[in-house]
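Enquirer: This is work.pdb (PDB, C-alpha atoms, pLDDT in the B column).
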MODEL        1
ATOM      1  CA  MET C  27     107.532  57.544 -60.628  1.00 61.00           C
ATOM      2  CA  SER C  28     104.232  55.975 -61.698  1.00 75.00           C
ATOM      3  CA  ALA C  29     101.325  55.664 -59.270  1.00 81.00           C
ATOM      4  CA  PRO C  30     101.007  52.246 -57.662  1.00 85.00           C
ATOM      5  CA  LYS C  31      98.305  49.841 -58.757  1.00 92.00           C
ATOM      6  CA  THR C  32      95.079  50.103 -56.812  1.00 95.00           C
ATOM      7  CA  HIS C  33      93.759  46.740 -57.959  1.00 96.00           C
ATOM      8  CA  ASP C  34      95.103  43.569 -59.498  1.00 97.00           C
ATOM      9  CA  ALA C  35      94.028  40.089 -60.571  1.00 98.00           C
ATOM     10  CA  ILE C  36      96.722  37.473 -61.048  1.00 97.00           C
ATOM     11  CA  SER C  37      97.404  33.785 -60.970  1.00 96.00           C
ATOM     12  CA  LEU C  38     100.021  32.919 -58.356  1.00 95.00           C
ATOM     13  CA  THR C  39     102.089  29.757 -57.895  1.00 93.00           C
ATOM     14  CA  ASN C  40     104.052  28.766 -54.795  1.00 89.00           C
ATOM     15  CA  ASP C  41     107.138  30.603 -55.978  1.00 90.00           C
ATOM     16  CA  PRO C  42     108.486  32.766 -53.119  1.00 90.00           C
ATOM     17  CA  GLN C  43     109.723  35.445 -55.516  1.00 93.00           C
ATOM     18  CA  GLN C  44     106.358  35.686 -57.230  1.00 94.00           C
ATOM     19  CA  VAL C  45     104.568  35.800 -53.878  1.00 94.00           C
ATOM     20  CA  ARG C  46     106.903  38.534 -52.615  1.00 94.00           C
ATOM     21  CA  ALA C  47     106.309  40.595 -55.778  1.00 96.00           C
ATOM     22  CA  ALA C  48     102.530  40.281 -55.398  1.00 97.00           C
ATOM     23  CA  ARG C  49     102.817  41.286 -51.744  1.00 97.00           C
ATOM     24  CA  GLU C  50     104.868  44.349 -52.619  1.00 96.00           C
ATOM     25  CA  GLU C  51     102.278  45.490 -55.195  1.00 97.00           C
ATOM     26  CA  PHE C  52      99.542  45.185 -52.590  1.00 98.00           C
ATOM     27  CA  ALA C  53     101.636  46.896 -49.895  1.00 97.00           C
ATOM     28  CA  GLY C  54     102.306  49.733 -52.343  1.00 97.00           C
ATOM     29  CA  ALA C  55      98.588  50.380 -52.709  1.00 97.00           C
ATOM     30  CA  ILE C  56      98.081  50.344 -48.934  1.00 97.00           C
ATOM     31  CA  GLU C  57     100.904  52.842 -48.541  1.00 96.00           C
ATOM     32  CA  HIS C  58      99.554  54.985 -51.384  1.00 96.00           C
ATOM     33  CA  PHE C  59      96.242  55.501 -49.572  1.00 96.00           C
ATOM     34  CA  GLY C  60      97.969  56.347 -46.303  1.00 95.00           C
ATOM     35  CA  PHE C  61      96.453  53.623 -44.182  1.00 96.00           C
ATOM     36  CA  PRO C  62      97.536  54.063 -40.555  1.00 95.00           C
ATOM     37  CA  ARG C  63     100.072  51.599 -39.212  1.00 95.00           C
ATOM     38  CA  GLU C  64      97.511  49.452 -37.348  1.00 95.00           C
ATOM     39  CA  ALA C  65      95.222  49.151 -40.384  1.00 97.00           C
ATOM     40  CA  ALA C  66      98.144  48.438 -42.707  1.00 97.00           C
ATOM     41  CA  PHE C  67      99.337  45.710 -40.336  1.00 97.00           C
ATOM     42  CA  ALA C  68      95.838  44.186 -40.263  1.00 97.00           C
ATOM     43  CA  VAL C  69      95.320  44.013 -44.013  1.00 98.00           C
ATOM     44  CA  MET C  70      98.867  42.841 -44.714  1.00 98.00           C
ATOM     45  CA  LEU C  71      98.441  40.054 -42.165  1.00 98.00           C
ATOM     46  CA  ALA C  72      95.124  38.997 -43.722  1.00 98.00           C
ATOM     47  CA  PHE C  73      96.634  39.141 -47.221  1.00 98.00           C
ATOM     48  CA  ASP C  74      99.568  36.962 -46.119  1.00 97.00           C
ATOM     49  CA  GLU C  75      97.342  34.414 -44.398  1.00 96.00           C
ATOM     50  CA  ALA C  76      94.874  34.143 -47.271  1.00 97.00           C
ATOM     51  CA  VAL C  77      97.628  33.700 -49.852  1.00 96.00           C
ATOM     52  CA  ALA C  78      99.577  31.214 -47.698  1.00 94.00           C
ATOM     53  CA  ASN C  79      96.466  29.155 -46.930  1.00 93.00           C
ATOM     54  CA  GLY C  80      95.431  29.117 -50.588  1.00 94.00           C
ATOM     55  CA  LEU C  81      98.855  28.000 -51.733  1.00 93.00           C
ATOM     56  CA  LYS C  82      99.245  25.378 -49.007  1.00 90.00           C
ATOM     57  CA  TYR C  83      95.807  23.803 -48.889  1.00 88.00           C
ATOM     58  CA  GLY C  84      94.581  24.477 -52.404  1.00 87.00           C
ATOM     59  CA  ALA C  85      97.237  24.995 -55.043  1.00 83.00           C
ATOM     60  CA  ALA C  86      99.697  22.556 -53.473  1.00 78.00           C
ATOM     61  CA  GLN C  87      97.124  19.765 -53.771  1.00 79.00           C
ATOM     62  CA  GLN C  88      97.304  19.869 -57.566  1.00 79.00           C
ATOM     63  CA  PRO C  89     100.295  19.506 -59.890  1.00 79.00           C
ATOM     64  CA  GLY C  90     101.283  22.929 -61.190  1.00 80.00           C
ATOM     65  CA  GLY C  91      98.631  24.372 -58.941  1.00 88.00           C
ATOM     66  CA  ALA C  92      98.021  28.083 -58.633  1.00 94.00           C
ATOM     67  CA  ILE C  93      95.679  30.414 -56.829  1.00 96.00           C
ATOM     68  CA  ASP C  94      93.706  33.242 -58.364  1.00 97.00           C
ATOM     69  CA  LEU C  95      94.350  36.375 -56.353  1.00 98.00           C
ATOM     70  CA  SER C  96      92.488  39.604 -56.865  1.00 98.00           C
ATOM     71  CA  TRP C  97      92.475  42.690 -54.715  1.00 98.00           C
ATOM     72  CA  SER C  98      91.377  46.282 -54.762  1.00 98.00           C
ATOM     73  CA  VAL C  99      92.305  49.140 -52.474  1.00 98.00           C
ATOM     74  CA  GLN C 100      90.348  52.365 -52.066  1.00 97.00           C
ATOM     75  CA  LYS C 101      90.867  55.076 -49.508  1.00 94.00           C
ATOM     76  CA  ASP C 102      88.329  53.562 -47.121  1.00 95.00           C
ATOM     77  CA  ARG C 103      88.017  49.934 -48.224  1.00 97.00           C
ATOM     78  CA  VAL C 104      90.202  46.939 -49.056  1.00 98.00           C
ATOM     79  CA  ARG C 105      88.939  43.784 -50.733  1.00 98.00           C
ATOM     80  CA  ILE C 106      90.999  40.615 -51.240  1.00 98.00           C
ATOM     81  CA  VAL C 107      89.756  37.459 -52.968  1.00 98.00           C
ATOM     82  CA  VAL C 108      91.706  34.192 -53.074  1.00 98.00           C
ATOM     83  CA  ASP C 109      90.371  31.255 -55.082  1.00 97.00           C
ATOM     84  CA  ASP C 110      92.635  28.240 -54.510  1.00 95.00           C
ATOM     85  CA  HIS C 111      90.744  25.705 -56.679  1.00 93.00           C
ATOM     86  CA  GLY C 112      91.475  23.048 -54.048  1.00 91.00           C
ATOM     87  CA  PRO C 113      89.241  20.539 -52.291  1.00 92.00           C
ATOM     88  CA  GLY C 114      88.035  23.210 -49.860  1.00 92.00           C
ATOM     89  CA  PHE C 115      87.235  22.899 -46.165  1.00 92.00           C
ATOM     90  CA  ASP C 116      84.535  23.777 -43.653  1.00 93.00           C
ATOM     91  CA  PRO C 117      85.612  27.076 -42.096  1.00 91.00           C
ATOM     92  CA  ASP C 118      82.992  26.701 -39.358  1.00 89.00           C
ATOM     93  CA  ASN C 119      84.474  23.416 -38.238  1.00 90.00           C
ATOM     94  CA  ILE C 120      88.030  24.401 -37.385  1.00 90.00           C
ATOM     95  CA  PRO C 121      89.243  23.327 -33.946  1.00 90.00           C
ATOM     96  CA  ASP C 122      89.498  26.274 -31.550  1.00 91.00           C
ATOM     97  CA  CYS C 123      93.241  26.611 -31.213  1.00 92.00           C
ATOM     98  CA  THR C 124      92.912  28.815 -28.123  1.00 93.00           C
ATOM     99  CA  LEU C 125      91.520  25.926 -26.052  1.00 93.00           C
ATOM    100  CA  PRO C 126      94.000  24.363 -23.643  1.00 91.00           C
ATOM    101  CA  GLU C 127      93.815  20.992 -25.455  1.00 92.00           C
ATOM    102  CA  ASN C 128      94.728  22.652 -28.794  1.00 92.00           C
ATOM    103  CA  ILE C 129      97.036  25.468 -27.761  1.00 92.00           C
ATOM    104  CA  GLU C 130     100.190  23.414 -28.374  1.00 89.00           C
ATOM    105  CA  LYS C 131      99.063  22.244 -31.801  1.00 84.00           C
ATOM    106  CA  ALA C 132     100.880  23.895 -34.689  1.00 70.00           C
ATOM    107  CA  CYS C 133      97.907  24.713 -36.906  1.00 70.00           C
ATOM    108  CA  GLY C 134      94.484  26.386 -37.139  1.00 78.00           C
ATOM    109  CA  ARG C 135      95.366  30.012 -36.491  1.00 94.00           C
ATOM    110  CA  GLY C 136      95.323  31.573 -39.964  1.00 94.00           C
ATOM    111  CA  VAL C 137      91.543  31.806 -40.323  1.00 95.00           C
ATOM    112  CA  MET C 138      91.226  33.004 -36.735  1.00 95.00           C
ATOM    113  CA  LEU C 139      93.624  35.873 -37.398  1.00 97.00           C
ATOM    114  CA  MET C 140      91.899  36.861 -40.643  1.00 97.00           C
ATOM    115  CA  ARG C 141      88.602  37.013 -38.764  1.00 97.00           C
ATOM    116  CA  ALA C 142      90.158  39.016 -35.940  1.00 97.00           C
ATOM    117  CA  TYR C 143      91.628  41.681 -38.188  1.00 98.00           C
ATOM    118  CA  MET C 144      89.203  42.046 -41.105  1.00 98.00           C
ATOM    119  CA  THR C 145      85.716  43.555 -41.210  1.00 98.00           C
ATOM    120  CA  SER C 146      84.358  40.476 -42.964  1.00 98.00           C
ATOM    121  CA  VAL C 147      85.709  37.078 -44.024  1.00 98.00           C
ATOM    122  CA  GLU C 148      83.448  35.001 -46.231  1.00 98.00           C
ATOM    123  CA  PHE C 149      84.057  31.601 -47.770  1.00 97.00           C
ATOM    124  CA  ASN C 150      82.132  30.086 -50.653  1.00 97.00           C
ATOM    125  CA  ASP C 151      80.138  26.893 -50.019  1.00 96.00           C
ATOM    126  CA  LYS C 152      82.999  24.636 -51.055  1.00 96.00           C
ATOM    127  CA  GLY C 153      85.446  26.481 -48.812  1.00 95.00           C
ATOM    128  CA  ASN C 154      88.065  27.033 -51.494  1.00 95.00           C
ATOM    129  CA  LYS C 155      87.469  30.712 -52.138  1.00 97.00           C
ATOM    130  CA  VAL C 156      87.703  33.437 -49.523  1.00 98.00           C
ATOM    131  CA  THR C 157      86.668  37.078 -49.765  1.00 98.00           C
ATOM    132  CA  LEU C 158      88.150  39.449 -47.212  1.00 98.00           C
ATOM    133  CA  VAL C 159      86.967  43.003 -46.698  1.00 98.00           C
ATOM    134  CA  TYR C 160      88.440  45.715 -44.512  1.00 98.00           C
ATOM    135  CA  GLU C 161      86.488  48.916 -43.999  1.00 97.00           C
ATOM    136  CA  ARG C 162      88.372  51.837 -42.666  1.00 89.00           C
ATOM    137  CA  ASN C 163      86.556  53.843 -40.032  1.00 77.00           C
TER     138      ASN C 163
ATOM    139  CA  MET P  22     127.240  28.883 -35.013  1.00 50.00           C
ATOM    140  CA  ALA P  23     125.206  29.832 -38.062  1.00 51.00           C
ATOM    141  CA  SER P  24     125.885  29.205 -41.737  1.00 57.00           C
ATOM    142  CA  ASP P  25     126.285  31.991 -44.313  1.00 59.00           C
ATOM    143  CA  ASP P  26     122.745  31.593 -45.618  1.00 73.00           C
ATOM    144  CA  SER P  27     121.280  31.531 -42.113  1.00 82.00           C
ATOM    145  CA  ARG P  28     118.127  33.553 -41.458  1.00 88.00           C
ATOM    146  CA  LEU P  29     119.252  33.945 -37.838  1.00 94.00           C
ATOM    147  CA  ARG P  30     121.991  35.745 -35.969  1.00 95.00           C
ATOM    148  CA  VAL P  31     123.083  33.485 -33.151  1.00 96.00           C
ATOM    149  CA  ARG P  32     125.426  33.865 -30.221  1.00 96.00           C
ATOM    150  CA  LYS P  33     125.909  32.037 -26.959  1.00 95.00           C
ATOM    151  CA  GLU P  34     126.308  34.077 -23.812  1.00 94.00           C
ATOM    152  CA  SER P  35     126.456  32.820 -20.221  1.00 93.00           C
ATOM    153  CA  GLY P  36     124.931  29.498 -21.225  1.00 94.00           C
ATOM    154  CA  VAL P  37     122.051  31.128 -23.124  1.00 97.00           C
ATOM    155  CA  ILE P  38     121.646  30.654 -26.866  1.00 97.00           C
ATOM    156  CA  ARG P  39     120.487  34.017 -28.218  1.00 97.00           C
ATOM    157  CA  ALA P  40     118.899  33.892 -31.663  1.00 97.00           C
ATOM    158  CA  GLU P  41     117.667  36.939 -33.572  1.00 97.00           C
ATOM    159  CA  PHE P  42     115.741  36.871 -36.836  1.00 95.00           C
ATOM    160  CA  VAL P  43     117.504  38.501 -39.784  1.00 93.00           C
ATOM    161  CA  ASP P  44     114.332  39.056 -41.850  1.00 91.00           C
ATOM    162  CA  ARG P  45     111.647  41.678 -41.276  1.00 93.00           C
ATOM    163  CA  ASN P  46     108.948  39.348 -42.577  1.00 93.00           C
ATOM    164  CA  ILE P  47     108.683  35.739 -41.355  1.00 92.00           C
ATOM    165  CA  LEU P  48     106.111  34.533 -43.856  1.00 90.00           C
ATOM    166  CA  ASP P  49     107.503  32.125 -46.379  1.00 87.00           C
ATOM    167  CA  GLU P  50     106.865  28.438 -45.536  1.00 86.00           C
ATOM    168  CA  ALA P  51     110.233  27.212 -46.818  1.00 87.00           C
ATOM    169  CA  ASN P  52     112.027  29.954 -44.929  1.00 90.00           C
ATOM    170  CA  ILE P  53     110.105  29.159 -41.745  1.00 93.00           C
ATOM    171  CA  GLN P  54     110.995  25.483 -42.063  1.00 94.00           C
ATOM    172  CA  ALA P  55     114.687  26.376 -42.489  1.00 94.00           C
ATOM    173  CA  ILE P  56     114.564  28.624 -39.397  1.00 95.00           C
ATOM    174  CA  THR P  57     112.841  25.896 -37.379  1.00 96.00           C
ATOM    175  CA  ASP P  58     115.440  23.318 -38.408  1.00 96.00           C
ATOM    176  CA  GLU P  59     118.242  25.709 -37.527  1.00 95.00           C
ATOM    177  CA  LEU P  60     116.804  26.534 -34.104  1.00 96.00           C
ATOM    178  CA  LEU P  61     116.214  22.866 -33.322  1.00 97.00           C
ATOM    179  CA  ALA P  62     119.763  22.009 -34.367  1.00 96.00           C
ATOM    180  CA  LEU P  63     121.058  24.630 -31.918  1.00 95.00           C
ATOM    181  CA  VAL P  64     119.347  23.040 -28.922  1.00 96.00           C
ATOM    182  CA  VAL P  65     119.043  19.345 -29.661  1.00 94.00           C
ATOM    183  CA  ASN P  66     122.476  18.364 -28.334  1.00 92.00           C
ATOM    184  CA  GLU P  67     122.471  20.746 -25.383  1.00 92.00           C
ATOM    185  CA  PRO P  68     121.685  19.462 -21.902  1.00 91.00           C
ATOM    186  CA  ARG P  69     118.697  21.501 -20.617  1.00 95.00           C
ATOM    187  CA  PRO P  70     119.123  24.191 -23.257  1.00 97.00           C
ATOM    188  CA  LYS P  71     118.281  27.841 -22.662  1.00 98.00           C
ATOM    189  CA  LEU P  72     117.045  29.521 -25.816  1.00 98.00           C
ATOM    190  CA  LEU P  73     116.166  33.196 -26.204  1.00 98.00           C
ATOM    191  CA  ILE P  74     114.569  34.301 -29.471  1.00 98.00           C
ATOM    192  CA  SER P  75     114.565  38.029 -30.221  1.00 97.00           C
ATOM    193  CA  PHE P  76     112.027  39.553 -32.602  1.00 97.00           C
ATOM    194  CA  SER P  77     113.690  42.974 -32.662  1.00 96.00           C
ATOM    195  CA  ASN P  78     113.869  43.095 -36.465  1.00 93.00           C
ATOM    196  CA  VAL P  79     110.483  41.522 -37.188  1.00 96.00           C
ATOM    197  CA  ASP P  80     107.588  43.544 -38.642  1.00 95.00           C
ATOM    198  CA  HIS P  81     105.305  40.715 -39.793  1.00 95.00           C
ATOM    199  CA  LEU P  82     104.946  37.039 -39.047  1.00 94.00           C
ATOM    200  CA  SER P  83     102.451  34.482 -40.233  1.00 94.00           C
ATOM    201  CA  SER P  84     100.462  31.815 -38.458  1.00 95.00           C
ATOM    202  CA  ALA P  85     102.946  29.323 -39.935  1.00 94.00           C
ATOM    203  CA  ALA P  86     105.677  31.101 -37.971  1.00 95.00           C
ATOM    204  CA  LEU P  87     103.555  30.777 -34.819  1.00 96.00           C
ATOM    205  CA  GLY P  88     103.273  27.070 -35.589  1.00 94.00           C
ATOM    206  CA  ALA P  89     107.055  26.852 -35.856  1.00 95.00           C
ATOM    207  CA  LEU P  90     107.445  28.537 -32.471  1.00 96.00           C
ATOM    208  CA  ILE P  91     105.065  25.967 -30.966  1.00 96.00           C
ATOM    209  CA  THR P  92     107.153  23.159 -32.483  1.00 95.00           C
ATOM    210  CA  ILE P  93     110.248  24.673 -30.855  1.00 97.00           C
ATOM    211  CA  HIS P  94     108.408  25.125 -27.554  1.00 96.00           C
ATOM    212  CA  ASN P  95     107.380  21.462 -27.571  1.00 95.00           C
ATOM    213  CA  LYS P  96     110.903  20.328 -28.402  1.00 96.00           C
ATOM    214  CA  MET P  97     112.334  22.471 -25.601  1.00 97.00           C
ATOM    215  CA  LYS P  98     109.863  20.940 -23.181  1.00 96.00           C
ATOM    216  CA  GLY P  99     111.005  17.474 -24.258  1.00 96.00           C
ATOM    217  CA  LEU P 100     114.615  18.492 -23.607  1.00 96.00           C
ATOM    218  CA  SER P 101     113.708  19.998 -20.205  1.00 97.00           C
ATOM    219  CA  GLY P 102     114.947  23.279 -21.624  1.00 97.00           C
ATOM    220  CA  GLN P 103     113.764  26.846 -21.226  1.00 98.00           C
ATOM    221  CA  LEU P 104     112.495  29.106 -24.015  1.00 98.00           C
ATOM    222  CA  ARG P 105     112.039  32.866 -23.853  1.00 98.00           C
ATOM    223  CA  LEU P 106     110.768  35.302 -26.488  1.00 98.00           C
ATOM    224  CA  ALA P 107     111.657  39.002 -26.424  1.00 98.00           C
ATOM    225  CA  ASP P 108     111.645  42.354 -28.245  1.00 98.00           C
ATOM    226  CA  ILE P 109     108.230  41.770 -29.812  1.00 98.00           C
ATOM    227  CA  ASP P 110     106.607  44.743 -31.542  1.00 96.00           C
ATOM    228  CA  PRO P 111     103.264  45.642 -29.877  1.00 97.00           C
ATOM    229  CA  GLN P 112     101.297  44.816 -33.029  1.00 96.00           C
ATOM    230  CA  ILE P 113     102.887  41.393 -33.260  1.00 97.00           C
ATOM    231  CA  TYR P 114     102.319  40.900 -29.539  1.00 98.00           C
ATOM    232  CA  GLU P 115      98.638  41.457 -30.246  1.00 97.00           C
ATOM    233  CA  VAL P 116      98.769  38.418 -32.566  1.00 97.00           C
ATOM    234  CA  PHE P 117     100.087  36.392 -29.617  1.00 97.00           C
ATOM    235  CA  GLU P 118      97.234  37.739 -27.479  1.00 97.00           C
ATOM    236  CA  ILE P 119      94.521  36.949 -30.041  1.00 96.00           C
ATOM    237  CA  THR P 120      95.785  33.391 -30.384  1.00 96.00           C
ATOM    238  CA  LYS P 121      96.373  33.194 -26.592  1.00 96.00           C
ATOM    239  CA  LEU P 122      99.927  32.117 -27.275  1.00 97.00           C
ATOM    240  CA  ASN P 123     101.066  34.819 -24.854  1.00 97.00           C
ATOM    241  CA  LYS P 124      99.921  32.325 -22.199  1.00 95.00           C
ATOM    242  CA  LEU P 125     101.989  29.497 -23.665  1.00 96.00           C
ATOM    243  CA  PHE P 126     105.252  31.366 -24.179  1.00 97.00           C
ATOM    244  CA  GLN P 127     107.305  33.284 -21.668  1.00 98.00           C
ATOM    245  CA  ILE P 128     107.550  36.683 -23.343  1.00 98.00           C
ATOM    246  CA  HIS P 129     109.697  39.558 -22.104  1.00 98.00           C
ATOM    247  CA  GLU P 130     109.928  43.142 -23.256  1.00 98.00           C
ATOM    248  CA  THR P 131     113.684  43.062 -23.797  1.00 97.00           C
ATOM    249  CA  SER P 132     116.325  40.426 -24.446  1.00 97.00           C
ATOM    250  CA  ASP P 133     118.185  41.435 -21.300  1.00 96.00           C
ATOM    251  CA  GLU P 134     115.083  40.926 -19.179  1.00 97.00           C
ATOM    252  CA  ALA P 135     114.530  37.576 -20.848  1.00 98.00           C
ATOM    253  CA  ALA P 136     118.150  36.529 -20.256  1.00 97.00           C
ATOM    254  CA  ASP P 137     117.843  37.420 -16.562  1.00 96.00           C
ATOM    255  CA  SER P 138     114.705  35.289 -16.246  1.00 97.00           C
ATOM    256  CA  PHE P 139     116.394  31.945 -16.932  1.00 96.00           C
ATOM    257  CA  ALA P 140     116.545  29.709 -13.874  1.00 85.00           C
TER     258      ALA P 140
ENDMDL
END
Represent the structure of the file as structure tokens.
Expert:
Amino acid sequence: MSAPKTHDAISLTNDPQQVRAAREEFAGAIEHFGFPREAAFAVMLAFDEAVANGLKYGAAQQPGGAIDLSWSVQKDRVRIVVDDHGPGFDPDNIPDCTLPENIEKACGRGVMLMRAYMTSVEFNDKGNKVTLVYERN
Amino acid sequence: MASDDSRLRVRKESGVIRAEFVDRNILDEANIQAITDELLALVVNEPRPKLLISFSNVDHLSSAALGALITIHNKMKGLSGQLRLADIDPQIYEVFEITKLNKLFQIHETSDEAADSFA
């Protein structure tokens, strides 16, 4: 059996099969480096949120739209970059969905979860490209 | 109660609709929409429905899935129904804590505890 990929750079459309395959490649690398369950959960969650957000708010806004996904996994560090080529948004101006007036609204939690679980979450100025880093202690 | 391609296992017991996710990962938007539609269809014609959703098989869920649960919660409120969540893995429960949705939903450790909690 060949060793799993430890990095990848692909273009991804909103095709569930394609998304699942990309997820499995990434999960294989996380497993390969023996990340503990909590860390694996954290980076998988961030991966899922970044890809879903990119596809929904970026790629879906353009006909035939796709995101550029790249990731690398090392024994002590994970890096994920999603460029969705969409109109972008202001990540510092998202309503706080934990406030009582927003708690029953069905949106706004993806970025919050990425920030909660990753070591750093940085958006470009336009807000259509996110770089996520997880550093393993 | 559920169709062949359902992503839920559903049964009704003592007036409580018990729904359990089939999939380990609740991530895909289209899948989440189908699950939401199916859950809403289960309760919409029930007087004061009692719905218990078990997460016993679930390893990962996305913020879109949380959004779907909020939609169901709001619908249940409109129907004067009761919603309970149960069997949530501790790591997934942490997601509910971070988003403070553990305050919105009535969450129980087990399905049996959740079933006993209905008024």
Enquirer: Can you list, as a PDB file with C-alpha atoms, in the coordinates of the input, every protein, DNA or RNA residue that comes within 12 Å of Asn119 (chain C) when you count only C-alpha atoms, leaving out same-chain residues fewer than 3 positions away?
Expert:
ATOM      1  CA  PHE C 115      87.235  22.899 -46.165  1.00 92.00           C
ATOM      2  CA  ASP C 116      84.535  23.777 -43.653  1.00 93.00           C
ATOM      3  CA  ASP C 122      89.498  26.274 -31.550  1.00 91.00           C
ATOM      4  CA  CYS C 123      93.241  26.611 -31.213  1.00 92.00           C
ATOM      5  CA  GLY C 134      94.484  26.386 -37.139  1.00 78.00           C
ATOM      6  CA  VAL C 137      91.543  31.806 -40.323  1.00 95.00           C
ATOM      7  CA  MET C 138      91.226  33.004 -36.735  1.00 95.00           C
ATOM      8  CA  GLY C 153      85.446  26.481 -48.812  1.00 95.00           C
TER       9      GLY C 153
END
Enquirer: Give me the result of the PyMOL selection byres ((chain P) within 7 of (chain C)) on this file, residue by residue, as a list in words.
Expert: Asp49, Ser83, Ser84, Gly88, Ala89, Ile91, Thr92, Thr120 and Lys121 of chain P
Enquirer: Evaluate the PyMOL selection byres ((chain P and resi 74) around 10) against this structure - the residues, as a ChimeraX atom specification, please.
Expert: /P:29-31,38-42,60,72-73,75-77,90,104-109,128,132,135
Enquirer: Pull out every residue that the PyMOL selection byres ((chain P and resi 58) around 12) matches in the shown coordinates and put them as a list in words.
Expert: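 Taken on the displayed file, the PyMOL selection byres ((chain P and resi 58) around 12) yields the residues Ala23, Ser27, Arg28, Leu29, Ala51, Asn52, Ile53, Gln54, Ala55, Ile56, Thr57, Glu59, Leu60, Leu61, Ala62, Leu63, Val64, Val65, Ala89, Leu90, Thr92, Ile93 and Lys96 of chain P.
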Enquirer: Between P:Val37, P:Leu82, P:Leu87, P:Val43, which residue has the minimum interatomic distance to Asn123 (chain P), considering only C-alpha atoms?
Expert: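 Looking only at the distances to Asn123 (chain P), the closest residue turns out to be P:Leu87.
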Enquirer: Would you kindly return, as a CSV table (one decimal) with C-alpha atoms, in the frame of the given file, each protein, DNA or RNA residue with an atom no farther than 12 Å from any atom of Asp151 (chain C), considering all atoms listed in the file and excluding same-chain residues fewer than 5 positions away?
Expert:
chain,number,residue,atom,x,y,z
C,113,PRO,CA,89.2,20.5,-52.3
C,114,GLY,CA,88.0,23.2,-49.9
C,115,PHE,CA,87.2,22.9,-46.2
C,116,ASP,CA,84.5,23.8,-43.7
C,117,PRO,CA,85.6,27.1,-42.1
C,118,ASP,CA,83.0,26.7,-39.4
C,156,VAL,CA,87.7,33.4,-49.5
Enquirer: Mind checking which residues fall within 10 Å of Gln100 (chain C), counting only C-alpha atoms, ignoring those fewer than 6 positions away in the same chain, and posting them as an NGL selection string?
Expert: :C and (32-33 or 55-56 or 58-59 or 161-162)
Enquirer: Export C-alpha atoms of the chosen residues as a PDB file, keeping the file's coordinate frame?
Expert:
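out-v5.pdb, freshly written:
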ATOM      1  CA  THR C  32      95.079  50.103 -56.812  1.00 95.00           C
ATOM      2  CA  HIS C  33      93.759  46.740 -57.959  1.00 96.00           C
ATOM      3  CA  ALA C  55      98.588  50.380 -52.709  1.00 97.00           C
ATOM      4  CA  ILE C  56      98.081  50.344 -48.934  1.00 97.00           C
ATOM      5  CA  HIS C  58      99.554  54.985 -51.384  1.00 96.00           C
ATOM      6  CA  PHE C  59      96.242  55.501 -49.572  1.00 96.00           C
ATOM      7  CA  GLU C 161      86.488  48.916 -43.999  1.00 97.00           C
ATOM      8  CA  ARG C 162      88.372  51.837 -42.666  1.00 89.00           C
TER       9      ARG C 162
END
Enquirer: Neighbours of Pro70 (chain P) within 7 Å (all atoms listed in the file; same-chain residues fewer than 3 positions away dropped), as a list in words?
Expert: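 Near neighbours after the sequence-gap exclusion: Val64, Glu67, Gly102 and Gln103 of chain P.
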Enquirer: Rounded to one decimal place, report the CA of Leu38 (chain C)-CA of Phe61 (chain C) distance in Å.
Expert: 25.3 Å
Enquirer: List every protein, DNA or RNA residue with an atom no more than 9 Å from (102.3, 52.2, -60.5) in the file's coordinates, counting only C-alpha atoms, and format the result as a PyMOL selection string.
Expert: chain C and resi 27-32+51+54-55
Enquirer: Looking at C:Val99, C:His111, C:Ala66, C:Ile120, which one is nearest to Ala85 (chain C), with distances taken over only C-alpha atoms?
Expert: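 Selected residue with least distance to Ala85 (chain C): C:His111.
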Enquirer: Please measure the separation of CA of Glu50 (chain C) and CA of Ala65 (chain C), giving the value in Å to one decimal.
Expert: 16.3 Å
Enquirer: Enter the distance from CA of Ser146 (chain C) to CA of Ile106 (chain C), in Å, rounded to one decimal.
Expert: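 The value is 10.6 Å.
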Enquirer: Can you list, as a CSV table (one decimal) with C-alpha atoms, in the frame of the given file, every protein, DNA or RNA residue that comes within 8 Å of region 87-93 of chain C when you count only C-alpha atoms, leaving out same-chain residues fewer than 6 positions away?
Expert:
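Once written, result-v2.csv looks like this:
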chain,number,residue,atom,x,y,z
C,37,SER,CA,97.4,33.8,-61.0
C,38,LEU,CA,100.0,32.9,-58.4
C,39,THR,CA,102.1,29.8,-57.9
C,40,ASN,CA,104.1,28.8,-54.8
C,77,VAL,CA,97.6,33.7,-49.9
C,80,GLY,CA,95.4,29.1,-50.6
C,81,LEU,CA,98.9,28.0,-51.7
C,108,VAL,CA,91.7,34.2,-53.1
C,109,ASP,CA,90.4,31.3,-55.1
C,110,ASP,CA,92.6,28.2,-54.5
C,111,HIS,CA,90.7,25.7,-56.7
C,112,GLY,CA,91.5,23.0,-54.0
Enquirer: Padding 4 Å on each side, edges along x, y and z: where is the centre of the box around the listed atoms of region 71-81 of chain C, and how long are its edges in Å to one decimal? Output it as AutoDock Vina command-line options.
Expert:
--center_x 97.2 --center_y 34.0 --center_z -46.9 --size_x 12.7 --size_y 20.1 --size_z 17.6
Enquirer: Which residue, P:Ala136, P:Leu100, P:Ile113, P:Ile119, has the smallest gap to Arg69 (chain P) when you use only C-alpha atoms?
Expert: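 Under the stated criterion, the closest residue is P:Leu100.
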